[in-house]
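final.cif follows; it contains mmCIF, C-alpha atoms.
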```cif
data_my_file
loop_
_atom_site.label_atom_id
_atom_site.label_comp_id
_atom_site.auth_asym_id
_atom_site.auth_seq_id
_atom_site.Cartn_x
_atom_site.Cartn_y
_atom_site.Cartn_z
CA MET A 26 197.95 112.12 -126.98
CA SER A 27 198.83 109.04 -124.97
CA GLU A 28 196.26 110.06 -122.38
CA GLU A 29 193.54 109.97 -125.03
CA HIS A 30 194.85 106.70 -126.35
CA ASP A 31 194.14 105.21 -122.92
CA LEU A 32 190.44 105.75 -123.46
CA VAL A 33 190.06 103.44 -126.45
CA ALA A 34 188.82 100.36 -124.53
CA ALA A 35 186.42 102.34 -122.36
CA TYR A 36 185.10 103.98 -125.54
CA ALA A 37 184.58 100.55 -127.15
CA LEU A 38 182.65 99.52 -124.02
CA ASN A 39 180.69 102.78 -124.04
CA ALA A 40 182.03 103.43 -120.54
CA LEU A 41 183.01 107.08 -120.94
CA ASP A 42 180.89 109.98 -119.80
CA GLU A 43 179.67 112.36 -122.50
CA LEU A 44 182.54 114.79 -122.17
CA GLU A 45 185.23 112.11 -122.30
CA ALA A 46 183.53 110.39 -125.24
CA HIS A 47 183.39 113.65 -127.14
CA ARG A 48 187.06 114.29 -126.44
CA PHE A 49 187.99 110.81 -127.58
CA GLU A 50 185.97 111.10 -130.79
CA ARG A 51 187.88 114.22 -131.74
CA HIS A 52 191.12 112.40 -131.06
CA LEU A 53 189.90 109.46 -133.15
CA ASP A 54 189.57 111.64 -136.23
CA GLU A 55 193.30 112.30 -136.11
CA CYS A 56 194.76 109.06 -134.82
CA ASP A 57 195.15 106.10 -137.18
CA SER A 58 196.42 103.76 -134.52
CA CYS A 59 193.42 104.44 -132.24
CA ARG A 60 191.05 103.83 -135.15
CA ARG A 61 192.77 100.53 -135.85
CA GLU A 62 192.68 99.46 -132.22
CA LEU A 63 189.07 100.54 -131.83
CA ALA A 64 188.09 98.35 -134.80
CA GLU A 65 189.80 95.41 -133.08
CA LEU A 66 188.17 96.03 -129.71
CA LEU A 67 184.77 96.39 -131.36
CA GLU A 68 185.19 92.85 -132.65
CA ALA A 69 185.30 91.78 -129.00
CA THR A 70 182.27 93.83 -127.92
CA THR A 71 180.30 92.61 -130.95
CA PHE A 72 181.22 89.08 -129.89
CA LEU A 73 179.70 89.84 -126.45
CA ALA A 74 176.58 91.23 -128.12
CA ASP A 75 176.23 88.13 -130.29
CA LEU A 76 176.64 85.85 -127.29
CA SER A 77 173.80 87.74 -125.59
CA SER A 78 171.33 86.88 -128.36
CA ALA A 79 167.79 85.98 -127.32
CA ALA A 80 164.78 85.34 -129.53
CA ALA A 81 162.89 88.60 -130.05
CA PRO A 82 159.10 88.46 -129.56
CA THR A 83 157.52 87.61 -132.91
CA ASP A 84 155.13 90.58 -132.92
CA LEU A 85 158.05 92.97 -132.47
CA ARG A 86 159.03 92.46 -136.13
CA GLN A 87 155.73 93.88 -137.36
CA ARG A 88 155.93 96.84 -134.97
CA VAL A 89 159.47 97.63 -136.15
CA LEU A 90 158.51 97.38 -139.82
CA SER A 91 155.38 99.47 -139.44
CA GLN A 92 157.26 102.31 -137.76
CA ILE A 93 159.40 102.80 -140.87
CA GLN A 94 156.36 102.66 -143.12
CA ALA A 95 154.67 105.40 -141.11
CA PRO A 96 157.55 107.47 -139.76
CA GLY A 97 156.75 110.47 -137.66
CA ARG A 98 155.84 111.04 -134.08
CA ARG A 99 156.83 107.90 -132.29
CA ARG A 100 156.53 107.91 -128.59
CA GLY A 101 157.30 105.30 -126.06
CA LEU A 102 160.77 104.99 -124.66
CA ALA A 103 161.69 108.35 -126.19
CA TRP A 104 158.95 109.86 -124.11
CA ILE A 105 160.09 108.14 -120.94
CA VAL A 106 163.70 109.12 -121.43
CA ALA A 107 162.73 112.71 -122.22
CA THR A 108 160.64 112.85 -119.06
CA ALA A 109 163.53 111.43 -117.05
CA ALA A 110 165.91 113.97 -118.52
CA ALA A 111 163.47 116.81 -117.84
CA ALA A 112 162.98 115.63 -114.28
CA VAL A 113 166.69 115.49 -113.62
CA ALA A 114 167.26 118.86 -115.26
CA LEU A 115 164.51 120.42 -113.19
CA VAL A 116 165.97 119.16 -109.94
CA PHE A 117 169.03 121.25 -110.66
CA GLY A 118 166.84 124.27 -111.29
CA SER A 119 164.65 125.96 -108.73
CA LEU A 120 161.33 124.38 -109.66
CA TRP A 121 161.32 121.92 -106.82
CA ALA A 122 157.62 121.29 -106.56
CA THR A 123 157.22 120.70 -110.28
CA SER A 124 160.26 118.53 -110.50
CA LEU A 125 159.24 116.26 -107.68
CA ALA A 126 155.76 115.85 -109.09
CA ARG A 127 157.21 114.94 -112.45
CA LEU A 128 159.71 112.66 -110.91
CA ASP A 129 156.98 110.74 -109.11
CA HIS A 130 155.21 110.32 -112.39
CA PHE A 131 158.36 109.19 -114.12
CA GLU A 132 159.16 106.78 -111.33
CA GLN A 133 155.73 105.23 -111.69
CA VAL A 134 156.08 104.84 -115.43
CA ALA A 135 159.57 103.37 -115.17
CA ALA A 136 158.44 100.97 -112.43
CA ILE A 137 155.57 99.71 -114.59
CA TYR A 138 157.79 99.22 -117.62
CA GLN A 139 160.37 97.42 -115.55
CA ALA A 140 157.99 95.16 -113.65
CA ALA A 141 158.76 91.49 -114.28
CA ASP A 142 155.12 90.90 -115.26
CA ALA A 143 154.77 94.03 -117.45
CA GLN A 144 152.48 93.15 -120.30
CA PRO A 145 151.78 95.28 -123.34
CA THR A 146 148.36 95.54 -124.98
CA ALA A 147 148.27 97.09 -128.43
CA LEU A 148 145.46 99.48 -129.35
CA ALA A 149 144.83 99.83 -133.04
CA GLY A 150 142.77 102.32 -135.02
CA ALA A 151 142.74 104.40 -138.17
CA GLU A 152 144.01 107.50 -136.37
CA GLY A 153 147.13 106.06 -134.80
CA GLU A 154 148.31 103.47 -132.35
CA GLY A 155 148.32 103.13 -128.62
CA ARG A 156 149.93 100.90 -126.10
CA PHE A 157 148.79 100.02 -122.63
CA THR A 158 151.55 98.40 -120.59
CA HIS A 159 150.33 97.06 -117.30
CA SER A 160 151.61 95.08 -114.37
CA VAL A 161 149.14 93.03 -112.37
CA SER A 162 151.55 92.82 -109.41
CA LEU A 163 151.78 96.62 -109.22
CA GLY A 164 148.09 97.07 -110.06
CA GLN A 165 149.07 99.84 -112.44
CA GLY A 166 149.35 100.42 -116.13
CA VAL A 167 150.59 103.19 -118.37
CA PHE A 168 148.88 104.16 -121.58
CA ALA A 169 150.77 105.98 -124.35
CA THR A 170 149.95 106.78 -127.96
CA GLU A 171 151.88 106.96 -131.16
CA ASP A 172 151.09 109.07 -134.23
CA LEU A 173 147.92 110.50 -132.73
CA ALA A 174 147.13 113.96 -134.11
CA ASP A 175 146.62 116.86 -131.68
CA ALA A 176 143.04 117.03 -130.44
CA PRO A 177 141.00 119.87 -132.04
CA ALA A 178 140.44 122.97 -129.89
CA ASP A 179 137.72 122.52 -127.23
CA SER A 180 138.16 118.77 -127.21
CA VAL A 181 140.28 116.23 -125.45
CA TYR A 182 141.14 112.54 -125.78
CA GLU A 183 139.54 110.30 -123.20
CA LEU A 184 140.61 106.78 -122.25
CA TRP A 185 137.95 104.19 -121.36
CA LEU A 186 137.92 100.78 -119.78
CA ILE A 187 134.90 98.82 -120.95
CA ASP A 188 133.43 95.66 -119.44
CA ASP A 189 129.96 94.12 -119.17
CA THR A 190 128.92 96.88 -116.75
CA GLY A 191 129.66 99.51 -119.40
CA PRO A 192 132.40 102.05 -120.15
CA HIS A 193 134.38 103.60 -117.27
CA PRO A 194 136.39 106.83 -117.71
CA ALA A 195 140.13 106.14 -117.21
CA GLY A 196 141.66 109.55 -117.84
CA LEU A 197 141.98 112.53 -120.18
CA PHE A 198 145.08 113.23 -122.25
CA GLU A 199 146.61 115.33 -125.00
CA ALA A 200 148.35 113.72 -127.98
CA GLY A 201 151.68 112.38 -126.76
CA GLU A 202 150.84 112.37 -123.07
CA ALA A 203 150.83 109.20 -121.04
CA VAL A 204 148.04 108.17 -118.69
CA ILE A 205 148.58 106.12 -115.55
CA VAL A 206 145.70 103.74 -114.87
CA ASP A 207 145.30 101.91 -111.59
CA ASP A 208 141.87 100.36 -111.84
CA PHE A 209 141.66 97.71 -114.52
CA SER A 210 140.99 94.02 -114.78
CA PRO A 211 141.81 91.30 -117.30
CA GLY A 212 139.35 90.88 -120.15
CA GLN A 213 138.38 94.54 -120.21
CA MET A 214 138.42 96.44 -123.45
CA ILE A 215 140.48 99.61 -123.51
CA ALA A 216 139.48 102.38 -125.91
CA VAL A 217 140.02 106.02 -126.80
CA THR A 218 137.43 108.56 -127.95
CA LEU A 219 137.48 112.29 -128.61
CA GLU A 220 135.32 114.20 -126.13
CA PRO A 221 134.39 117.83 -125.44
CA ALA A 222 136.93 119.71 -123.28
CA GLY A 223 136.66 118.54 -119.68
CA GLY A 224 135.79 115.00 -120.71
CA SER A 225 132.58 113.01 -120.47
CA ASP A 226 131.13 110.49 -118.02
CA LEU A 227 130.02 108.30 -120.90
CA PRO A 228 131.63 108.27 -124.36
CA THR A 229 129.96 110.52 -126.94
CA GLY A 230 132.50 110.24 -129.78
CA PRO A 231 133.33 107.23 -131.96
CA ILE A 232 136.03 104.81 -130.78
CA LEU A 233 139.38 105.89 -132.28
CA LEU A 234 141.62 103.21 -130.82
CA SER A 235 140.79 100.00 -129.04
CA GLY A 236 142.34 96.82 -127.71
CA GLN A 237 141.64 93.95 -125.35
CA LEU A 238 143.38 93.48 -122.02
CA MET B 25 163.35 56.01 -144.35
CA GLY B 26 165.91 53.44 -145.54
CA MET B 27 168.69 56.01 -145.16
CA GLN B 28 167.64 56.77 -141.65
CA ALA B 29 167.58 53.10 -140.73
CA ALA B 30 171.06 52.65 -142.21
CA PHE B 31 172.30 55.69 -140.30
CA ALA B 32 170.77 54.37 -137.12
CA SER B 33 172.46 51.02 -137.56
CA VAL B 34 175.87 52.62 -137.99
CA TYR B 35 175.27 54.95 -135.04
CA PRO B 36 172.92 53.03 -132.79
CA ILE B 37 173.27 55.81 -130.22
CA ALA B 38 173.60 59.29 -131.72
CA PRO B 39 176.34 60.99 -129.68
CA PRO B 40 174.66 64.23 -128.56
CA HIS B 41 177.84 66.24 -128.29
CA ILE B 42 178.69 65.45 -131.92
CA VAL B 43 175.21 66.49 -133.04
CA GLY B 44 175.58 69.66 -130.98
CA LEU B 45 178.95 70.41 -132.53
CA MET B 46 177.63 69.88 -136.05
CA ARG B 47 174.72 72.18 -135.34
CA GLN B 48 177.09 74.84 -134.02
CA LYS B 49 179.28 74.60 -137.08
CA LEU B 50 176.25 74.90 -139.34
CA LEU B 51 174.97 77.92 -137.42
CA ARG B 52 178.36 79.58 -137.63
CA PHE B 53 178.52 78.90 -141.35
CA LEU B 54 175.10 80.49 -141.82
CA PHE B 55 176.05 83.38 -139.57
CA VAL B 56 179.25 84.15 -141.49
CA THR B 57 177.53 83.79 -144.86
CA HIS B 58 174.78 86.17 -143.80
CA ALA B 59 177.08 88.62 -142.11
CA THR B 60 179.02 89.31 -145.30
CA GLY B 61 175.85 90.78 -146.80
CA LEU B 62 175.04 93.18 -143.97
CA ASP B 63 177.35 95.99 -145.12
CA ASP B 64 175.69 96.06 -148.55
CA LEU B 65 172.23 95.87 -147.02
CA LEU B 66 172.93 99.00 -144.94
CA THR B 67 173.98 100.82 -148.09
CA SER B 68 170.64 99.82 -149.63
CA ILE B 69 168.78 101.02 -146.54
CA ALA B 70 170.47 104.40 -146.88
CA ARG B 71 168.76 104.61 -150.30
CA GLY B 72 165.39 103.81 -148.70
CA ASP B 73 165.18 100.11 -149.55
CA SER B 74 162.68 98.67 -147.05
CA SER B 75 163.22 95.04 -148.07
CA ALA B 76 166.90 95.45 -147.20
CA PHE B 77 165.71 96.76 -143.84
CA GLU B 78 163.66 93.60 -143.30
CA SER B 79 166.71 91.44 -144.03
CA VAL B 80 168.82 93.44 -141.61
CA TYR B 81 166.15 93.05 -138.95
CA ASP B 82 165.98 89.29 -139.48
CA GLN B 83 169.74 88.91 -139.26
CA THR B 84 170.29 91.10 -136.22
CA ALA B 85 167.07 91.22 -134.14
CA SER B 86 168.06 88.45 -131.73
CA MET B 87 171.39 90.17 -131.06
CA VAL B 88 169.78 93.61 -130.55
CA TYR B 89 166.90 92.33 -128.44
CA GLY B 90 169.08 89.93 -126.43
CA LEU B 91 171.68 92.57 -125.67
CA THR B 92 169.16 95.24 -124.65
CA LEU B 93 167.29 92.68 -122.54
CA ARG B 94 170.49 91.68 -120.76
CA ILE B 95 171.28 95.33 -119.98
CA LEU B 96 167.77 96.55 -119.13
CA ARG B 97 166.42 93.34 -117.56
CA SER B 98 162.90 94.26 -118.61
CA PRO B 99 161.26 92.70 -121.67
CA ALA B 100 158.97 95.74 -122.08
CA LEU B 101 161.89 98.20 -122.01
CA ALA B 102 164.00 95.96 -124.23
CA GLU B 103 161.23 95.94 -126.83
CA GLU B 104 160.99 99.73 -126.73
CA VAL B 105 164.74 100.15 -127.08
CA THR B 106 164.89 97.59 -129.89
CA GLN B 107 162.25 99.59 -131.77
CA GLU B 108 164.27 102.76 -131.24
CA VAL B 109 167.44 101.06 -132.48
CA TYR B 110 165.83 99.97 -135.74
CA LEU B 111 164.28 103.37 -136.30
CA GLN B 112 167.77 104.83 -135.87
CA ILE B 113 169.21 102.27 -138.32
CA TRP B 114 166.54 103.21 -140.85
CA ARG B 115 167.18 106.93 -140.47
CA GLN B 116 170.95 106.94 -140.08
CA ALA B 117 172.11 104.10 -142.34
CA ASP B 118 173.91 106.74 -144.44
CA ARG B 119 176.22 107.38 -141.48
CA PHE B 120 177.47 103.80 -141.54
CA ASP B 121 181.10 103.69 -142.66
CA ALA B 122 182.33 100.19 -143.55
CA ASN B 123 185.93 101.42 -143.37
CA ARG B 124 185.61 101.99 -139.63
CA ALA B 125 183.75 98.89 -138.48
CA PRO B 126 181.60 96.17 -140.07
CA ALA B 127 177.81 96.55 -140.08
CA ARG B 128 177.26 94.06 -137.28
CA ALA B 129 179.60 96.02 -135.00
CA TRP B 130 177.88 99.30 -135.94
CA ILE B 131 174.46 97.86 -135.07
CA ALA B 132 175.72 96.28 -131.82
CA THR B 133 177.20 99.65 -130.84
CA LEU B 134 173.95 101.53 -131.57
CA ALA B 135 171.96 99.01 -129.53
CA HIS B 136 174.43 99.11 -126.66
CA ARG B 137 174.45 102.91 -126.53
CA ARG B 138 170.67 103.14 -126.51
CA ALA B 139 170.29 100.56 -123.77
CA VAL B 140 173.01 102.05 -121.59
CA ASP B 141 171.63 105.53 -122.14
CA ALA B 142 168.23 104.37 -120.88
CA VAL B 143 169.79 102.63 -117.85
CA ARG B 144 171.83 105.71 -116.92
CA ARG B 145 168.91 108.10 -117.23
CA ILE B 146 166.59 105.93 -115.21
CA GLN B 147 169.29 105.40 -112.61
CA SER B 148 170.14 109.06 -112.37
CA ALA B 149 166.51 110.10 -111.97
CA ARG B 150 166.24 107.55 -109.19
CA ASP B 151 169.40 108.74 -107.48
CA ARG B 152 168.23 112.35 -107.49
CA GLU B 153 164.92 111.38 -106.00
CA GLN B 154 166.56 109.40 -103.24
CA GLY B 155 169.14 112.11 -102.66
CA LEU B 156 171.93 109.71 -103.56
CA ILE B 157 174.96 110.77 -105.49
CA GLY B 158 176.66 108.29 -107.78
CA GLU B 159 176.97 104.61 -106.89
CA PRO B 160 174.46 103.26 -109.39
CA ALA B 161 173.23 99.80 -108.54
CA ALA B 162 174.58 97.85 -111.47
CA PRO B 163 173.22 94.38 -111.96
CA ASP B 164 175.65 91.56 -111.43
CA ALA B 165 176.00 90.26 -114.96
CA SER B 166 177.68 87.05 -113.91
CA GLU B 167 174.64 86.16 -111.83
CA ARG B 168 172.22 87.18 -114.52
CA ALA B 169 174.16 85.29 -117.14
CA ILE B 170 173.03 82.11 -115.46
CA GLU B 171 169.38 83.03 -116.06
CA HIS B 172 169.84 83.07 -119.81
CA GLU B 173 169.47 79.88 -121.74
CA GLU B 174 171.96 80.61 -124.45
CA SER B 175 174.59 82.03 -122.18
CA ALA B 176 176.78 78.94 -121.92
CA ARG B 177 179.12 80.24 -124.60
CA LEU B 178 179.18 83.69 -123.03
CA THR B 179 180.03 82.25 -119.63
CA LYS B 180 182.71 80.14 -121.24
CA ALA B 181 184.23 83.08 -123.12
CA LEU B 182 184.23 85.30 -120.01
CA GLY B 183 185.74 82.40 -118.08
CA LYS B 184 188.87 82.73 -120.19
CA LEU B 185 189.53 86.15 -118.62
CA SER B 186 191.19 86.95 -115.32
CA ASP B 187 188.75 87.85 -112.51
CA LEU B 188 189.49 91.55 -112.76
CA GLN B 189 189.28 91.59 -116.57
CA ARG B 190 185.90 89.85 -116.39
CA GLN B 191 184.57 92.17 -113.66
CA VAL B 192 185.49 95.42 -115.41
CA ILE B 193 184.05 94.23 -118.72
CA GLU B 194 180.83 92.94 -117.18
CA LEU B 195 180.24 96.04 -115.06
CA ALA B 196 180.87 98.34 -118.02
CA TYR B 197 179.31 96.42 -120.90
CA PHE B 198 176.35 94.71 -119.24
CA GLY B 199 175.99 96.96 -116.19
CA GLY B 200 176.23 100.27 -118.05
CA LEU B 201 178.79 101.75 -115.62
CA THR B 202 181.36 104.32 -116.73
CA GLN B 203 185.05 103.59 -116.19
CA ASN B 204 185.06 105.91 -113.15
CA GLN B 205 182.08 104.10 -111.62
CA VAL B 206 183.74 100.74 -112.30
CA ALA B 207 186.88 101.91 -110.49
CA GLU B 208 184.80 103.15 -107.54
CA ARG B 209 182.75 100.00 -107.40
CA LEU B 210 185.78 97.73 -107.39
CA GLY B 211 187.94 100.02 -105.25
CA ALA B 212 190.60 99.76 -107.97
CA PRO B 213 192.75 102.58 -109.40
CA LEU B 214 191.32 104.05 -112.62
CA GLY B 215 194.56 103.27 -114.44
CA THR B 216 194.21 99.59 -113.59
CA VAL B 217 190.59 99.57 -114.76
CA LYS B 218 191.61 101.10 -118.09
CA THR B 219 194.38 98.57 -118.58
CA ARG B 220 192.18 95.59 -117.67
CA MET B 221 189.43 96.77 -120.01
CA ARG B 222 191.91 96.96 -122.81
CA ASP B 223 193.77 93.68 -122.31
CA GLY B 224 190.49 91.96 -121.37
CA LEU B 225 188.89 92.94 -124.68
CA GLN B 226 192.01 91.90 -126.59
CA ARG B 227 191.90 88.56 -124.80
CA LEU B 228 188.21 88.13 -125.69
CA ARG B 229 189.04 88.86 -129.28
CA SER B 230 191.53 86.04 -129.40
CA VAL B 231 189.05 83.74 -127.62
CA MET B 232 186.54 84.66 -130.30
CA ARG B 233 188.96 83.82 -133.09
CA ASP B 234 189.72 80.40 -131.61
CA ASP B 235 186.01 79.87 -131.07
CA HIS B 236 184.97 80.72 -134.61
CA VAL B 237 187.73 79.03 -136.59
#
```

Would you mind writing the file's structure down as structure tokens?
Amino acid sequence: MSEEHDLVAAYALNALDELEAHRFERHLDECDSCRRELAELLEATTFLADLSSAAAPTDLRQRVLSQIQAPGRRRGLAWIVATAAAAVALVFGSLWATSLARLDHFEQVAAIYQAADAQPTALAGAEGEGRFTHSVSLGQGVFATEDLADAPADSVYELWLIDDTGPHPAGLFEAGEAVIVDDFSPGQMIAVTLEPAGGSDLPTGPILLSGQL
Amino acid sequence: MGMQAAFASVYPIAPPHIVGLMRQKLLRFLFVTHATGLDDLLTSIARGDSSAFESVYDQTASMVYGLTLRILRSPALAEEVTQEVYLQIWRQADRFDANRAPARAWIATLAHRRAVDAVRRIQSARDREQGLIGEPAAPDASERAIEHEESARLTKALGKLSDLQRQVIELAYFGGLTQNQVAERLGAPLGTVKTRMRDGLQRLRSVMRDDHV
């Protein structure tokens, strides 16, 4: 019992590994004094959280509110974290080639998101939402969608970068997949269309999502 | 106009530290007044009340965003995690139990877990790729604290701790390290780390009480 009791501060700080946290939570259900102490220690961690406050970007409010109005398939960090988890899990398995390929991809995505100059561009449309997060210093961006329905059979989503020289293909993807883009420039328009399987050199379908870099 | 002139003649030079103090007191008053409503708002969210959700967002977004930003050090990732946190609040408000901890503590804990989870997954994918085991590169929170504008109070509060208390709390809470990793990092026995986490948090709690009263 006393051994478990020792974990209360680390639990309040979220500094236990999964197994230890699980063990402590079971103990918590039975131990009044640990529950009392945890409530006290959480006052301290909440104090730390409050003292870390920073103004949230103003457009974040609308994005947060719209995700509860249209709940469903939200991708973004969840996708990144899932990919990371899959990559790590695969390393422990025997699928070395696959895992390393995936890991490279994940590394790229994480690096773009974490770049100091990472800048998100929102793509809006009737069919869903998209986000292109790019870093000029890395010369790379990652495009991901939210709430986009699966493409019909024999067709595929295609990403385009459009400037005054016309539309340029930037990658094919299935609903929920991310696309890494390494050839873009400021001022370009970024758009998504539905194209026949295999993709097109020039867009043939209507623009489903679009935004401005 | 006349009032202002009269005020100015009584206080020809407005003492900035007094103005600052008054502003702090006012902010704290507003904070406490608001905070009392959060528990009820979460109960309303559990019934699907989206206007209650908006109020909760407005009262907690700077804490959630600021905390995740401090842990993840990437505005793009912090925005993603903040979105995830609010989606979780919307979906799991019925799990909130006011008898265990107040709403603000519950939300701070959710945000902290999400951010640390993301840090650990990204770190572990990186370690596997580089063939490294353990030893995650935790950011030095005391250095980063200086970067933040509103961190004067945080620095001051942490300054009331002993060096070891401050280090274990910073590495765990802002660095996302587990208690074992903290012990390894500092070359300190695990038992000592546990004790310092616990008495450090208790000390912070009393600092907080002095600070807020």

Expansion of the PyMOL selection byres ((chain B) within 7 of (chain A)) into residues, as an NGL selection string | :B and (85-87 or 89-91 or 98 or 100-101 or 104-105 or 107 or 110-111 or 124-125 or 129 or 132 or 137 or 142 or 145-146 or 149 or 175 or 177-178 or 196-197 or 201-203 or 218 or 221-222 or 225-226 or 228-229 or 232)

Can you list, as a PyMOL selection string, the residues that the PyMOL selection byres ((chain A and resi 174) around 8) selects here?
-> chain A and resi 152-153+172-173+175-176+200

Given the file shown, determine the residues that the PyMOL selection byres ((chain A and resi 213) around 7) selects; report them as an NGL selection string.
-> :A and (186-188 or 210-212 or 214-215 or 237-238)

What would the file look like if the residues just selected were written as a PDB file, keeping the file's coordinate frame with C-alpha atoms?
```pdb
ATOM      1  CA  LEU A 186     137.920 100.780-119.780  1.00  0.00           C
ATOM      2  CA  ILE A 187     134.900  98.820-120.950  1.00  0.00           C
ATOM      3  CA  ASP A 188     133.430  95.660-119.440  1.00  0.00           C
ATOM      4  CA  SER A 210     140.990  94.020-114.780  1.00  0.00           C
ATOM      5  CA  PRO A 211     141.810  91.300-117.300  1.00  0.00           C
ATOM      6  CA  GLY A 212     139.350  90.880-120.150  1.00  0.00           C
ATOM      7  CA  MET A 214     138.420  96.440-123.450  1.00  0.00           C
ATOM      8  CA  ILE A 215     140.480  99.610-123.510  1.00  0.00           C
ATOM      9  CA  GLN A 237     141.640  93.950-125.350  1.00  0.00           C
ATOM     10  CA  LEU A 238     143.380  93.480-122.020  1.00  0.00           C
TER      11      LEU A 238
END
```

In Å, rounded to a single decimal, give me how far CA of Asp223 (chain B) is from CA of Asp121 (chain B).
-> 26.0 Å

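What separates CA of Arg227 (chain B) from CA of Gly183 (chain B) is a distance of 11.0 Å.
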
CA of Gly72 (chain B) and CA of Thr133 (chain B) are how many Å apart?
->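 So the two atoms, CA of Gly72 (chain B) and CA of Thr133 (chain B), lie 21.8 Å apart.
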